[in-house]
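Student: Sending over input-v3.cif (mmCIF, C-alpha atoms).
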data_run
loop_
_atom_site.label_atom_id
_atom_site.label_comp_id
_atom_site.auth_asym_id
_atom_site.auth_seq_id
_atom_site.Cartn_x
_atom_site.Cartn_y
_atom_site.Cartn_z
CA MET A 1 -134.44 -43.70 267.90
CA GLY A 2 -133.89 -45.78 264.81
CA ASP A 3 -130.87 -46.54 262.74
CA ASN A 4 -130.81 -43.79 260.09
CA LYS A 5 -127.94 -45.20 258.05
CA ASP A 6 -128.67 -45.72 254.42
CA PRO A 7 -129.07 -49.49 254.07
CA PHE A 8 -127.63 -49.30 250.56
CA ASP A 9 -124.47 -47.52 251.76
CA GLU A 10 -121.68 -49.88 250.79
CA GLY A 11 -119.31 -48.29 253.27
CA ALA A 12 -121.58 -49.15 256.18
CA GLY A 13 -121.89 -52.78 255.20
CA GLY A 14 -124.76 -52.18 252.83
CA LEU A 15 -127.66 -54.28 251.75
CA LEU A 16 -125.68 -56.34 249.24
CA ARG A 17 -122.43 -56.77 251.18
CA GLN A 18 -123.55 -59.32 253.75
CA PRO A 19 -121.97 -62.48 255.19
CA LYS A 20 -122.90 -65.85 253.72
CA ALA A 21 -124.90 -66.65 256.87
CA VAL A 22 -127.21 -63.72 256.18
CA TRP A 23 -127.78 -64.70 252.56
CA ALA A 24 -128.41 -68.32 253.55
CA THR A 25 -131.06 -67.29 256.08
CA ALA A 26 -132.62 -64.72 253.73
CA GLY A 27 -132.78 -67.27 250.92
CA ALA A 28 -134.50 -69.79 253.15
CA SER A 29 -136.88 -67.02 254.24
CA VAL A 30 -137.94 -66.45 250.62
CA VAL A 31 -138.88 -70.12 250.31
CA ALA A 32 -140.64 -70.08 253.70
CA PHE A 33 -142.87 -67.18 252.63
CA MET A 34 -143.43 -68.82 249.25
CA GLY A 35 -145.13 -71.64 251.13
CA ILE A 36 -148.01 -69.36 252.18
CA GLY A 37 -149.25 -68.61 248.67
CA LEU A 38 -147.87 -71.72 246.98
CA VAL A 39 -151.19 -73.56 246.92
CA ASP A 40 -153.25 -70.61 245.61
CA PRO A 41 -153.08 -71.38 241.87
CA ILE A 42 -153.52 -75.14 242.39
CA LEU A 43 -156.47 -75.14 244.81
CA PRO A 44 -158.93 -76.06 242.03
CA SER A 45 -156.49 -78.72 240.76
CA ILE A 46 -156.15 -80.21 244.24
CA ALA A 47 -159.93 -80.25 244.61
CA SER A 48 -160.24 -82.07 241.29
CA GLY A 49 -157.38 -84.48 241.96
CA LEU A 50 -158.61 -85.50 245.41
CA ASN A 51 -162.34 -85.30 244.63
CA ALA A 52 -162.76 -82.64 247.31
CA SER A 53 -165.01 -79.61 247.65
CA ALA A 54 -163.78 -76.03 247.83
CA SER A 55 -164.48 -75.91 251.58
CA GLN A 56 -162.48 -79.10 252.14
CA VAL A 57 -159.48 -77.89 250.13
CA SER A 58 -159.56 -74.51 251.89
CA LEU A 59 -158.75 -76.39 255.09
CA LEU A 60 -155.17 -76.44 253.75
CA PHE A 61 -154.97 -72.83 254.93
CA THR A 62 -157.02 -73.41 258.08
CA SER A 63 -154.82 -76.20 259.44
CA TYR A 64 -151.65 -74.34 258.45
CA PHE A 65 -152.56 -71.09 260.19
CA LEU A 66 -154.30 -72.66 263.18
CA ILE A 67 -151.08 -74.44 264.05
CA THR A 68 -149.12 -71.26 263.27
CA ALA A 69 -151.28 -69.31 265.74
CA LEU A 70 -150.85 -71.88 268.50
CA ALA A 71 -147.13 -72.12 267.76
CA MET A 72 -146.74 -68.43 268.65
CA LEU A 73 -146.96 -69.51 272.28
CA VAL A 74 -144.21 -72.08 271.73
CA THR A 75 -141.61 -70.47 269.47
CA GLY A 76 -140.25 -68.11 272.13
CA PHE A 77 -140.17 -70.92 274.68
CA VAL A 78 -138.14 -73.04 272.26
CA SER A 79 -135.75 -70.45 270.80
CA SER A 80 -134.89 -68.92 274.18
CA ARG A 81 -133.74 -72.36 275.30
CA ILE A 82 -132.03 -73.97 272.31
CA GLY A 83 -130.90 -70.82 270.45
CA GLY A 84 -131.74 -69.25 267.10
CA ARG A 85 -129.69 -71.53 264.84
CA LYS A 86 -131.15 -74.75 266.20
CA THR A 87 -134.66 -73.28 266.07
CA LEU A 88 -134.19 -72.38 262.40
CA LEU A 89 -132.90 -75.84 261.58
CA LEU A 90 -135.72 -77.53 263.48
CA GLY A 91 -138.28 -75.44 261.61
CA LEU A 92 -136.65 -76.13 258.24
CA ALA A 93 -136.46 -79.87 258.93
CA LEU A 94 -140.18 -79.98 259.76
CA VAL A 95 -141.05 -78.07 256.58
CA VAL A 96 -138.94 -80.42 254.43
CA VAL A 97 -140.60 -83.50 255.92
CA PHE A 98 -144.19 -82.27 255.85
CA ALA A 99 -143.97 -80.52 252.48
CA ALA A 100 -142.69 -83.78 250.96
CA LEU A 101 -145.41 -85.77 252.71
CA SER A 102 -148.01 -83.29 251.38
CA GLY A 103 -147.03 -84.27 247.86
CA THR A 104 -147.71 -87.94 248.62
CA SER A 105 -151.23 -87.36 249.98
CA ASN A 106 -154.02 -89.59 248.70
CA SER A 107 -156.85 -87.77 250.45
CA VAL A 108 -157.66 -84.22 251.43
CA GLY A 109 -157.57 -85.29 255.09
CA GLU A 110 -153.96 -86.42 254.78
CA LEU A 111 -153.00 -83.22 252.98
CA VAL A 112 -154.66 -81.03 255.61
CA GLY A 113 -152.81 -82.91 258.36
CA PHE A 114 -149.45 -82.60 256.64
CA ARG A 115 -150.04 -78.88 256.08
CA ALA A 116 -150.53 -78.53 259.83
CA GLY A 117 -147.08 -79.99 260.45
CA TRP A 118 -145.73 -77.67 257.76
CA GLY A 119 -147.29 -74.73 259.61
CA LEU A 120 -145.47 -75.65 262.82
CA GLY A 121 -142.14 -75.79 261.02
CA ASN A 122 -142.77 -72.52 259.23
CA ALA A 123 -143.74 -70.80 262.49
CA LEU A 124 -140.51 -71.88 264.17
CA PHE A 125 -138.45 -70.71 261.20
CA VAL A 126 -140.16 -67.41 260.37
CA SER A 127 -140.47 -66.30 264.00
CA THR A 128 -136.68 -66.59 264.38
CA ALA A 129 -135.28 -65.62 260.99
CA LEU A 130 -135.18 -61.83 261.28
CA ALA A 131 -133.45 -61.83 264.66
CA VAL A 132 -130.85 -64.22 263.26
CA ILE A 133 -130.33 -62.05 260.17
CA VAL A 134 -129.87 -58.94 262.31
CA GLY A 135 -127.44 -60.73 264.61
CA ALA A 136 -125.27 -61.83 261.67
CA ALA A 137 -125.69 -58.82 259.36
CA ALA A 138 -123.10 -56.17 258.54
CA GLY A 139 -123.99 -52.48 258.49
CA GLY A 140 -126.59 -52.27 261.26
CA SER A 141 -130.20 -53.30 261.50
CA ALA A 142 -131.61 -51.13 258.71
CA ALA A 143 -129.98 -53.16 255.92
CA ALA A 144 -130.90 -56.42 257.66
CA ILE A 145 -134.55 -55.46 258.05
CA LEU A 146 -134.80 -54.30 254.44
CA LEU A 147 -133.24 -57.55 253.29
CA TYR A 148 -135.73 -59.56 255.35
CA GLU A 149 -138.68 -57.55 254.09
CA SER A 150 -137.46 -57.99 250.53
CA ALA A 151 -137.32 -61.74 251.16
CA LEU A 152 -140.88 -61.62 252.50
CA GLY A 153 -142.18 -59.71 249.48
CA LEU A 154 -140.28 -61.88 247.01
CA GLY A 155 -141.58 -65.03 248.67
CA MET A 156 -145.19 -63.85 248.72
CA ALA A 157 -144.92 -62.89 245.02
CA CYS A 158 -143.08 -65.98 243.81
CA GLY A 159 -145.04 -68.57 245.80
CA PRO A 160 -148.07 -68.48 243.47
CA LEU A 161 -145.76 -68.38 240.45
CA LEU A 162 -143.90 -71.51 241.54
CA GLY A 163 -147.18 -73.17 242.37
CA ALA A 164 -148.45 -72.41 238.87
CA LEU A 165 -145.31 -73.52 237.01
CA LEU A 166 -144.97 -76.84 238.83
CA GLY A 167 -148.68 -77.34 239.40
CA ASP A 168 -149.51 -77.19 235.72
CA ALA A 169 -148.03 -80.67 235.39
CA SER A 170 -149.35 -82.03 238.70
CA TRP A 171 -150.68 -80.48 241.90
CA ARG A 172 -148.15 -82.65 243.79
CA TYR A 173 -145.02 -81.09 242.27
CA PRO A 174 -145.14 -77.72 244.11
CA PHE A 175 -144.98 -79.55 247.43
CA PHE A 176 -141.98 -81.63 246.34
CA GLY A 177 -140.35 -78.50 244.93
CA THR A 178 -140.74 -76.65 248.23
CA ALA A 179 -139.28 -79.59 250.16
CA PHE A 180 -136.27 -79.62 247.82
CA LEU A 181 -135.65 -75.86 248.15
CA MET A 182 -136.01 -75.94 251.93
CA ALA A 183 -133.57 -78.85 252.10
CA ILE A 184 -131.04 -76.66 250.28
CA GLY A 185 -131.77 -73.90 252.80
CA PHE A 186 -131.18 -76.36 255.65
CA LEU A 187 -127.77 -77.31 254.24
CA CYS A 188 -126.78 -73.67 253.67
CA ILE A 189 -127.69 -72.61 257.20
CA THR A 190 -125.90 -75.67 258.61
CA ALA A 191 -122.76 -74.71 256.68
CA PHE A 192 -122.71 -70.91 257.04
CA LEU A 193 -124.60 -69.87 260.18
CA LYS A 194 -122.88 -70.07 263.55
CA GLU A 195 -124.86 -70.27 266.77
CA GLN A 196 -125.74 -66.90 268.28
CA PRO A 197 -126.02 -66.01 271.97
CA LYS A 198 -129.23 -67.13 273.66
CA PRO A 199 -131.54 -64.47 275.14
CA ALA A 200 -130.69 -63.44 278.70
CA ARG A 201 -134.24 -64.25 279.82
CA LYS A 202 -136.13 -67.41 278.95
CA THR A 203 -139.69 -66.93 277.67
CA SER A 204 -142.54 -68.82 279.31
CA LEU A 205 -145.53 -70.23 277.46
CA LEU A 206 -147.94 -67.78 279.12
CA ASP A 207 -145.93 -64.57 278.63
CA PRO A 208 -147.57 -63.71 275.25
CA VAL A 209 -151.06 -64.18 276.69
CA LYS A 210 -150.24 -61.97 279.68
CA ALA A 211 -148.95 -59.26 277.34
CA LEU A 212 -152.42 -58.99 275.79
CA GLY A 213 -153.60 -57.49 279.06
CA HIS A 214 -152.24 -54.17 277.74
CA GLY A 215 -155.10 -52.23 276.13
CA GLY A 216 -153.08 -50.88 273.21
CA LEU A 217 -151.66 -54.26 272.25
CA ALA A 218 -155.04 -55.95 272.65
CA SER A 219 -156.64 -53.29 270.43
CA THR A 220 -153.98 -53.76 267.76
CA ALA A 221 -154.45 -57.53 267.87
CA VAL A 222 -158.26 -57.37 267.66
CA SER A 223 -158.16 -54.92 264.74
CA ALA A 224 -155.58 -57.12 263.00
CA PHE A 225 -157.81 -60.15 263.60
CA PHE A 226 -160.65 -58.55 261.62
CA TYR A 227 -158.23 -57.40 258.93
CA ASN A 228 -156.66 -60.84 258.56
CA TYR A 229 -160.08 -62.36 257.97
CA THR A 230 -160.40 -60.06 254.95
CA PHE A 231 -156.83 -60.72 253.83
CA PHE A 232 -157.20 -64.49 253.82
CA THR A 233 -160.62 -64.44 252.23
CA VAL A 234 -158.85 -62.86 249.26
CA LEU A 235 -155.92 -65.26 249.40
CA ALA A 236 -157.77 -68.55 249.97
CA PHE A 237 -161.24 -68.08 248.46
CA THR A 238 -160.63 -65.88 245.40
CA PRO A 239 -158.87 -68.64 243.35
CA PHE A 240 -162.16 -70.55 243.26
CA VAL A 241 -164.03 -67.44 242.15
CA LEU A 242 -161.54 -66.62 239.39
CA ASP A 243 -161.57 -70.27 238.23
CA MET A 244 -158.50 -69.86 236.03
CA THR A 245 -155.75 -72.20 234.86
CA PRO A 246 -152.79 -72.54 237.26
CA TYR A 247 -150.66 -70.35 234.96
CA LYS A 248 -153.19 -67.52 234.80
CA SER A 249 -154.02 -67.72 238.51
CA GLY A 250 -150.31 -67.76 239.33
CA ALA A 251 -149.78 -64.64 237.22
CA VAL A 252 -152.61 -62.83 239.01
CA PHE A 253 -151.25 -63.61 242.46
CA PHE A 254 -147.69 -62.88 241.36
CA ALA A 255 -148.82 -59.36 240.44
CA TRP A 256 -150.72 -59.22 243.74
CA GLY A 257 -147.53 -60.18 245.62
CA VAL A 258 -145.44 -57.59 243.77
CA LEU A 259 -147.85 -54.83 244.81
CA LEU A 260 -147.84 -56.16 248.37
CA ALA A 261 -144.04 -56.00 248.52
CA VAL A 262 -143.75 -52.54 246.92
CA PHE A 263 -146.41 -50.94 249.10
CA SER A 264 -145.12 -52.60 252.25
CA VAL A 265 -141.47 -51.64 251.83
CA LEU A 266 -141.59 -48.40 249.82
CA VAL A 267 -145.03 -46.76 249.92
CA ALA A 268 -146.29 -47.35 253.46
CA PRO A 269 -143.39 -45.53 255.18
CA ARG A 270 -143.93 -42.43 253.06
CA LEU A 271 -147.67 -42.43 253.74
CA GLN A 272 -147.03 -42.77 257.47
CA GLU A 273 -144.60 -39.86 257.48
CA ARG A 274 -147.13 -37.64 255.72
CA PHE A 275 -150.44 -38.64 257.31
CA GLY A 276 -149.61 -40.60 260.47
CA SER A 277 -149.94 -44.32 261.14
CA LEU A 278 -153.54 -44.42 262.36
CA LYS A 279 -154.98 -42.37 259.49
CA VAL A 280 -153.09 -44.49 256.97
CA LEU A 281 -154.27 -47.71 258.61
CA GLY A 282 -157.90 -46.64 258.89
CA GLY A 283 -158.02 -45.32 255.33
CA SER A 284 -156.32 -48.39 253.89
CA LEU A 285 -158.75 -50.72 255.67
CA VAL A 286 -161.76 -48.83 254.29
CA LEU A 287 -160.30 -48.91 250.78
CA LEU A 288 -159.63 -52.64 251.15
CA ALA A 289 -163.27 -53.13 252.18
CA ALA A 290 -164.45 -51.29 249.06
CA ASP A 291 -162.05 -53.28 246.89
CA VAL A 292 -163.23 -56.71 248.05
CA LEU A 293 -166.87 -55.65 247.75
CA VAL A 294 -166.32 -54.69 244.11
CA LEU A 295 -164.34 -57.91 243.66
CA GLY A 296 -167.31 -59.94 244.83
CA TYR A 297 -169.90 -58.25 242.60
CA GLY A 298 -167.85 -57.25 239.54
CA SER A 299 -167.27 -59.06 236.27
CA HIS A 300 -164.45 -61.58 235.89
CA THR A 301 -162.09 -58.90 234.59
CA VAL A 302 -163.00 -56.58 237.45
CA ALA A 303 -162.43 -59.40 239.93
CA VAL A 304 -158.94 -59.98 238.53
CA VAL A 305 -158.07 -56.27 238.77
CA CYS A 306 -159.45 -55.97 242.31
CA THR A 307 -157.57 -59.08 243.43
CA ILE A 308 -154.29 -57.59 242.23
CA LEU A 309 -155.12 -54.16 243.66
CA SER A 310 -155.84 -55.63 247.09
CA GLY A 311 -152.12 -56.40 247.36
CA ALA A 312 -151.42 -52.67 247.68
CA PHE A 313 -153.77 -52.21 250.63
CA ILE A 314 -152.60 -55.43 252.26
CA GLY A 315 -148.96 -54.32 251.97
CA VAL A 316 -149.70 -50.99 253.68
CA ASN A 317 -151.73 -52.66 256.43
CA ASN A 318 -149.07 -55.28 257.14
CA THR A 319 -146.43 -52.62 257.67
CA VAL A 320 -148.48 -50.40 259.99
CA TYR A 321 -149.87 -53.27 262.06
CA THR A 322 -146.42 -54.75 262.57
CA GLU A 323 -144.96 -51.44 263.74
CA LEU A 324 -147.84 -50.80 266.13
CA ALA A 325 -147.51 -54.28 267.59
CA LEU A 326 -143.78 -53.78 268.08
CA GLY A 327 -144.07 -50.69 270.25
CA VAL A 328 -147.59 -50.05 271.50
CA SER A 329 -147.08 -51.83 274.84
CA ASP A 330 -144.38 -51.90 277.48
CA ALA A 331 -143.97 -55.68 277.19
CA PRO A 332 -140.73 -57.03 275.73
CA ARG A 333 -141.12 -56.87 271.97
CA PRO A 334 -140.71 -60.61 271.31
CA VAL A 335 -143.41 -61.34 273.87
CA ALA A 336 -145.75 -58.61 272.61
CA SER A 337 -145.36 -59.83 269.04
CA ALA A 338 -146.08 -63.41 270.01
CA GLY A 339 -149.32 -62.35 271.73
CA TYR A 340 -150.32 -60.20 268.75
CA ASN A 341 -149.61 -62.97 266.24
CA PHE A 342 -151.40 -65.52 268.42
CA VAL A 343 -154.64 -63.53 268.04
CA ARG A 344 -154.41 -62.46 264.41
CA TRP A 345 -153.46 -65.83 262.91
CA PHE A 346 -156.70 -67.33 264.19
CA ALA A 347 -158.48 -65.17 261.62
CA ALA A 348 -156.17 -66.54 258.92
CA ALA A 349 -157.33 -69.99 259.98
CA ALA A 350 -161.02 -68.99 260.13
CA ALA A 351 -161.44 -67.20 256.79
CA PRO A 352 -160.49 -70.12 254.49
CA PHE A 353 -162.95 -72.33 256.38
CA PHE A 354 -165.91 -69.96 256.61
CA ALA A 355 -165.75 -68.29 253.18
CA PRO A 356 -166.63 -71.45 251.18
CA LYS A 357 -169.21 -72.42 253.83
CA ILE A 358 -170.86 -69.02 253.54
CA GLU A 359 -171.01 -69.47 249.77
CA GLU A 360 -172.69 -72.86 250.24
CA TRP A 361 -175.24 -71.31 252.63
CA SER A 362 -175.94 -68.28 250.45
CA ASP A 363 -174.23 -67.35 247.17
CA ILE A 364 -170.80 -66.49 245.81
CA HIS A 365 -171.11 -62.75 246.61
CA ILE A 366 -171.74 -62.96 250.36
CA PRO A 367 -168.26 -64.15 251.44
CA PHE A 368 -166.89 -60.89 250.03
CA VAL A 369 -169.60 -58.88 251.79
CA VAL A 370 -168.51 -60.49 255.06
CA ALA A 371 -164.85 -59.75 254.22
CA ALA A 372 -165.70 -56.10 253.53
CA VAL A 373 -167.52 -55.88 256.88
CA THR A 374 -164.57 -57.34 258.79
CA ALA A 375 -162.20 -54.81 257.17
CA VAL A 376 -164.51 -51.99 258.28
CA LEU A 377 -164.67 -53.49 261.79
CA GLY A 378 -160.88 -53.42 261.87
CA ALA A 379 -160.98 -49.71 260.97
CA LEU A 380 -163.63 -49.07 263.64
CA VAL A 381 -161.43 -50.63 266.30
CA VAL A 382 -158.63 -48.24 265.25
CA VAL A 383 -161.01 -45.25 265.51
CA VAL A 384 -162.64 -46.25 268.80
CA ARG A 385 -159.36 -47.23 270.45
CA ARG A 386 -157.25 -44.44 268.93
CA ARG A 387 -156.31 -43.04 272.35
CA ALA A 388 -154.77 -46.35 273.32
CA LEU A 389 -152.85 -46.32 270.04
CA THR A 390 -152.12 -42.60 269.53
CA HIS A 391 -149.08 -42.30 271.77
CA GLU A 392 -147.22 -45.03 269.96
CA ALA A 393 -148.43 -43.94 266.55
CA GLU A 394 -147.12 -40.41 267.11
CA GLU A 395 -143.72 -41.54 268.37
CA LEU A 396 -143.26 -44.29 265.82
CA GLU A 397 -140.42 -43.66 263.41
CA PRO A 398 -141.57 -45.60 260.35
CA ARG A 399 -139.32 -48.37 259.13
CA HIS A 400 -136.34 -47.33 261.26
CA ALA A 401 -136.34 -50.16 263.76
CA THR A 402 -133.56 -50.70 266.29
CA GLU A 403 -131.84 -53.96 267.11
CA ASP A 404 -134.14 -54.19 270.13
CA SER A 405 -137.29 -53.94 268.07
CA VAL A 406 -136.39 -56.70 265.64
CA ALA A 407 -136.04 -59.16 268.50
CA VAL A 408 -139.77 -59.55 267.88
CA PHE A 409 -138.99 -62.37 265.49
CA ALA A 410 -137.00 -64.30 268.08
CA ASN A 411 -140.11 -65.09 270.11
#
Any chance you could give the structure as structure tokens?
Tutor:
Amino acid sequence: MGDNKDPFDEGAGGLLRQPKAVWATAGASVVAFMGIGLVDPILPSIASGLNASASQVSLLFTSYFLITALAMLVTGFVSSRIGGRKTLLLGLALVVVFAALSGTSNSVGELVGFRAGWGLGNALFVSTALAVIVGAAAGGSAAAILLYESALGLGMACGPLLGALLGDASWRYPFFGTAFLMAIGFLCITAFLKEQPKPARKTSLLDPVKALGHGGLASTAVSAFFYNYTFFTVLAFTPFVLDMTPYKSGAVFFAWGVLLAVFSVLVAPRLQERFGSLKVLGGSLVLLAADVLVLGYGSHTVAVVCTILSGAFIGVNNTVYTELALGVSDAPRPVASAGYNFVRWFAAAAAPFFAPKIEEWSDIHIPFVVAAVTAVLGALVVVVRRRALTHEAEELEPRHATEDSVAVFAN
């Protein structure tokens, strides 16, 4: 069972009493997650600056997450051969280079291409960071996992804020700012993180695909695919609907990110303990569907409120999906996670492309109708395939992962 030590217990190592290597990796993780939402407040500015349409600019997400999805088949192959430290540094170096190049783009095509390279670097870094933090952390895995999740939430919340602050002067500055921060992360990890032991077994490129042959894992991945389409419709398409200044848009998505972090780390575990993982997941998906439907048809003020509120449902869903993916199959957790992420990130690539296209073919409301339908489809998969998921959902001990389970991020 899980590590039940209080992660804040100073005597056990505690959340705040960690080696420099842990803080260096966690700090770089914050910046890595900032990169996901960084472009949100400046999407309209980028479109204006490069004379591009909303559908063209949305390809910034599509290229990023398409490469991220494909990279899920590669990260385990790489890290199991060169080790966690070198994988982190390789990922950081790629982000520094391609984030800086993004800021020099003179066309939307160049920017989309550079974002793809950025996505590869981010995939290598993020897929390895938690395992590295756990390996170097003091006080057991509980404190390390909480620290990582806090970095994730902080990054998702602060990304839009940084994008707004720097993007108000020029849409190019957030990209240069990210490159600068990641360069600092590269130097800190070089200085403070020692190489950790390589996995006993090397991962092949096809292992994640083979893992999807398990019905429970495949069901989790398919449900998460539908959910991620909804998630990234909100993240990538809503800024065009809100049509606000970078500062105001950044504030909206900062509040969204705060709710995401709070509900992921603090609220979801309590809901799971009381109602069970599958009921929480199904209910949260239905509520998310209702939220995005109201977002699409409501007034501007209602749209702002619903955008922020969606962060709560997204935070809950992220937590439950991740835990199901970690333990629903008998495949090694790093391999199972790679297969799961390989499927779900394709939806993150699809939504930013299709949502603006659907608007062009119909009207501004229909992309949110489609997003509501995909959230409901995700819930239906959970209901129909509940037997394949029930065993794991019943035995899951929310948020108390073991050192074995967090190897998922070393894939």
Student: Where does range 251-333 of chain A meet range 207-220 of chain A within 9 Å, residue by residue, with the nearest atom pair and distance in Å to one decimal for each, counting all atoms listed in the file, listed by chain and rising number, as a Markdown table?
Tutor:
| residue | atom | partner | partner_atom | distance |
| --- | --- | --- | --- | --- |
| A:Tyr321 | CA | A:Thr220 | CA | 7.0 |
| A:Leu324 | CA | A:Thr220 | CA | 7.0 |
| A:Ala325 | CA | A:Leu217 | CA | 6.2 |
| A:Leu326 | CA | A:Leu217 | CA | 8.9 |
| A:Gly327 | CA | A:Leu217 | CA | 8.6 |
| A:Val328 | CA | A:Gly216 | CA | 5.8 |
| A:Ser329 | CA | A:Leu217 | CA | 5.8 |
| A:Asp330 | CA | A:His214 | CA | 8.2 |
| A:Ala331 | CA | A:Ala211 | CA | 6.1 |
| A:Pro332 | CA | A:Ala211 | CA | 8.7 |
Student: Go through range 105-140 of chain A residue by residue and, counting all atoms listed in the file, keep those with an atom at most 10 Å from range 66-82 of chain A; for each kept residue give the shortest atom pair and its distance in Å to one decimal, ordered by chain and increasing number, as a tab-separated table.
Tutor:
residue	atom	partner	partner_atom	distance
A:Arg115	CA	A:Ile67	CA	9.2
A:Ala116	CA	A:Ile67	CA	5.9
A:Gly117	CA	A:Ile67	CA	7.7
A:Trp118	CA	A:Ile67	CA	8.9
A:Gly119	CA	A:Thr68	CA	5.4
A:Leu120	CA	A:Thr68	CA	5.7
A:Gly121	CA	A:Thr68	CA	8.6
A:Asn122	CA	A:Thr68	CA	7.6
A:Ala123	CA	A:Thr68	CA	5.5
A:Leu124	CA	A:Thr75	CA	5.6
A:Phe125	CA	A:Thr75	CA	8.9
A:Val126	CA	A:Thr75	CA	9.7
A:Ser127	CA	A:Thr75	CA	7.0
A:Thr128	CA	A:Ser79	CA	7.5
Student: How would the residues just picked look written out with C-alpha atoms as a PDB file, keeping the file's coordinate frame?
Tutor:
ATOM      1  CA  ARG A 115    -150.040 -78.880 256.080  1.00  0.00           C
ATOM      2  CA  ALA A 116    -150.530 -78.530 259.830  1.00  0.00           C
ATOM      3  CA  GLY A 117    -147.080 -79.990 260.450  1.00  0.00           C
ATOM      4  CA  TRP A 118    -145.730 -77.670 257.760  1.00  0.00           C
ATOM      5  CA  GLY A 119    -147.290 -74.730 259.610  1.00  0.00           C
ATOM      6  CA  LEU A 120    -145.470 -75.650 262.820  1.00  0.00           C
ATOM      7  CA  GLY A 121    -142.140 -75.790 261.020  1.00  0.00           C
ATOM      8  CA  ASN A 122    -142.770 -72.520 259.230  1.00  0.00           C
ATOM      9  CA  ALA A 123    -143.740 -70.800 262.490  1.00  0.00           C
ATOM     10  CA  LEU A 124    -140.510 -71.880 264.170  1.00  0.00           C
ATOM     11  CA  PHE A 125    -138.450 -70.710 261.200  1.00  0.00           C
ATOM     12  CA  VAL A 126    -140.160 -67.410 260.370  1.00  0.00           C
ATOM     13  CA  SER A 127    -140.470 -66.300 264.000  1.00  0.00           C
ATOM     14  CA  THR A 128    -136.680 -66.590 264.380  1.00  0.00           C
TER      15      THR A 128
END
Student: Could you jot down the CA of Thr87 in chain A to CA of Gly257 in chain A separation for me, Å, one decimal place?
Tutor: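 Distance between the two atoms: 27.5 Å.
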Student: When the PyMOL selection byres ((chain A and resi 303) around 12) is applied to the file above, which residues end up in the set, as a tab-separated table (two decimals) with C-alpha atoms, in the coordinates of the input?
Tutor:
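Here's the written file expr_11.tsv:
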chain	number	residue	atom	x	y	z
A	234	VAL	CA	-158.85	-62.86	249.26
A	238	THR	CA	-160.63	-65.88	245.40
A	239	PRO	CA	-158.87	-68.64	243.35
A	240	PHE	CA	-162.16	-70.55	243.26
A	241	VAL	CA	-164.03	-67.44	242.15
A	242	LEU	CA	-161.54	-66.62	239.39
A	243	ASP	CA	-161.57	-70.27	238.23
A	244	MET	CA	-158.50	-69.86	236.03
A	249	SER	CA	-154.02	-67.72	238.51
A	252	VAL	CA	-152.61	-62.83	239.01
A	291	ASP	CA	-162.05	-53.28	246.89
A	292	VAL	CA	-163.23	-56.71	248.05
A	293	LEU	CA	-166.87	-55.65	247.75
A	294	VAL	CA	-166.32	-54.69	244.11
A	295	LEU	CA	-164.34	-57.91	243.66
A	296	GLY	CA	-167.31	-59.94	244.83
A	297	TYR	CA	-169.90	-58.25	242.60
A	298	GLY	CA	-167.85	-57.25	239.54
A	299	SER	CA	-167.27	-59.06	236.27
A	300	HIS	CA	-164.45	-61.58	235.89
A	301	THR	CA	-162.09	-58.90	234.59
A	302	VAL	CA	-163.00	-56.58	237.45
A	304	VAL	CA	-158.94	-59.98	238.53
A	305	VAL	CA	-158.07	-56.27	238.77
A	306	CYS	CA	-159.45	-55.97	242.31
A	307	THR	CA	-157.57	-59.08	243.43
A	308	ILE	CA	-154.29	-57.59	242.23
A	309	LEU	CA	-155.12	-54.16	243.66
A	310	SER	CA	-155.84	-55.63	247.09
A	365	HIS	CA	-171.11	-62.75	246.61
A	368	PHE	CA	-166.89	-60.89	250.03
Student: Taking 5 positions as the minimum chain separation for residues in the same chain, which residues sit within 8 Å of Val343 in chain A when counting all atoms listed in the file? Answer as a CSV table (one decimal) with C-alpha atoms, keeping the file's coordinate frame.
Tutor:
chain,number,residue,atom,x,y,z
A,69,ALA,CA,-151.3,-69.3,265.7
A,221,ALA,CA,-154.4,-57.5,267.9
A,222,VAL,CA,-158.3,-57.4,267.7
A,225,PHE,CA,-157.8,-60.2,263.6
Student: Work out how far CA of Gly185 in chain A is from CA of Leu88 in chain A, in Å to one decimal.
Tutor: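 Result for CA of Leu88 in chain A versus CA of Gly185 in chain A: 10.0 Å, one decimal.
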Student: Measuring between all atoms listed in the file, which one of A:Ala164, A:Val39, A:Leu89, A:Ala349 shows the shortest distance to Lys248 in chain A?
Tutor: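 When distances to Lys248 in chain A are compared using all atoms listed in the file, the smallest one comes from A:Ala164.
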Student: As JSON, please report the centre and edge lengths, rounded to one decimal in Å, of the axis-aligned box that holds all listed atoms of range 242-246 of chain A with 5 Å of padding on each of the six sides.
Tutor:
{"center_x": -157.2, "center_y": -69.6, "center_z": 237.1, "size_x": 18.8, "size_y": 15.9, "size_z": 14.5}
Student: Select, from A:Thr390, A:Glu323, A:Ala290, A:Ser48, the residue with the minimum atom-to-atom distance to Val370 in chain A, counting only C-alpha atoms.
Tutor: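 When distances to Val370 in chain A are compared using only C-alpha atoms, the smallest one comes from A:Ala290.
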Student: Quick one, how far is CA of Ala21 in chain A from CA of Ala136 in chain A?
Tutor: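 Separation between CA of Ala21 in chain A and CA of Ala136 in chain A: 6.8 Å.
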Student: For Gly167 in chain A, which residue out of A:Leu205, A:Val286, A:Val96, A:Ile46 is the nearest one, using only C-alpha atoms?
Tutor: A:Ile46
Student: Take the PyMOL selection byres ((chain A and resi 311) around 10), run it mentally on this structure, and tell me the resulting residues as a ChimeraX atom specification.
Tutor: /A:157,231,234-235,253-264,288,306-310,312-317
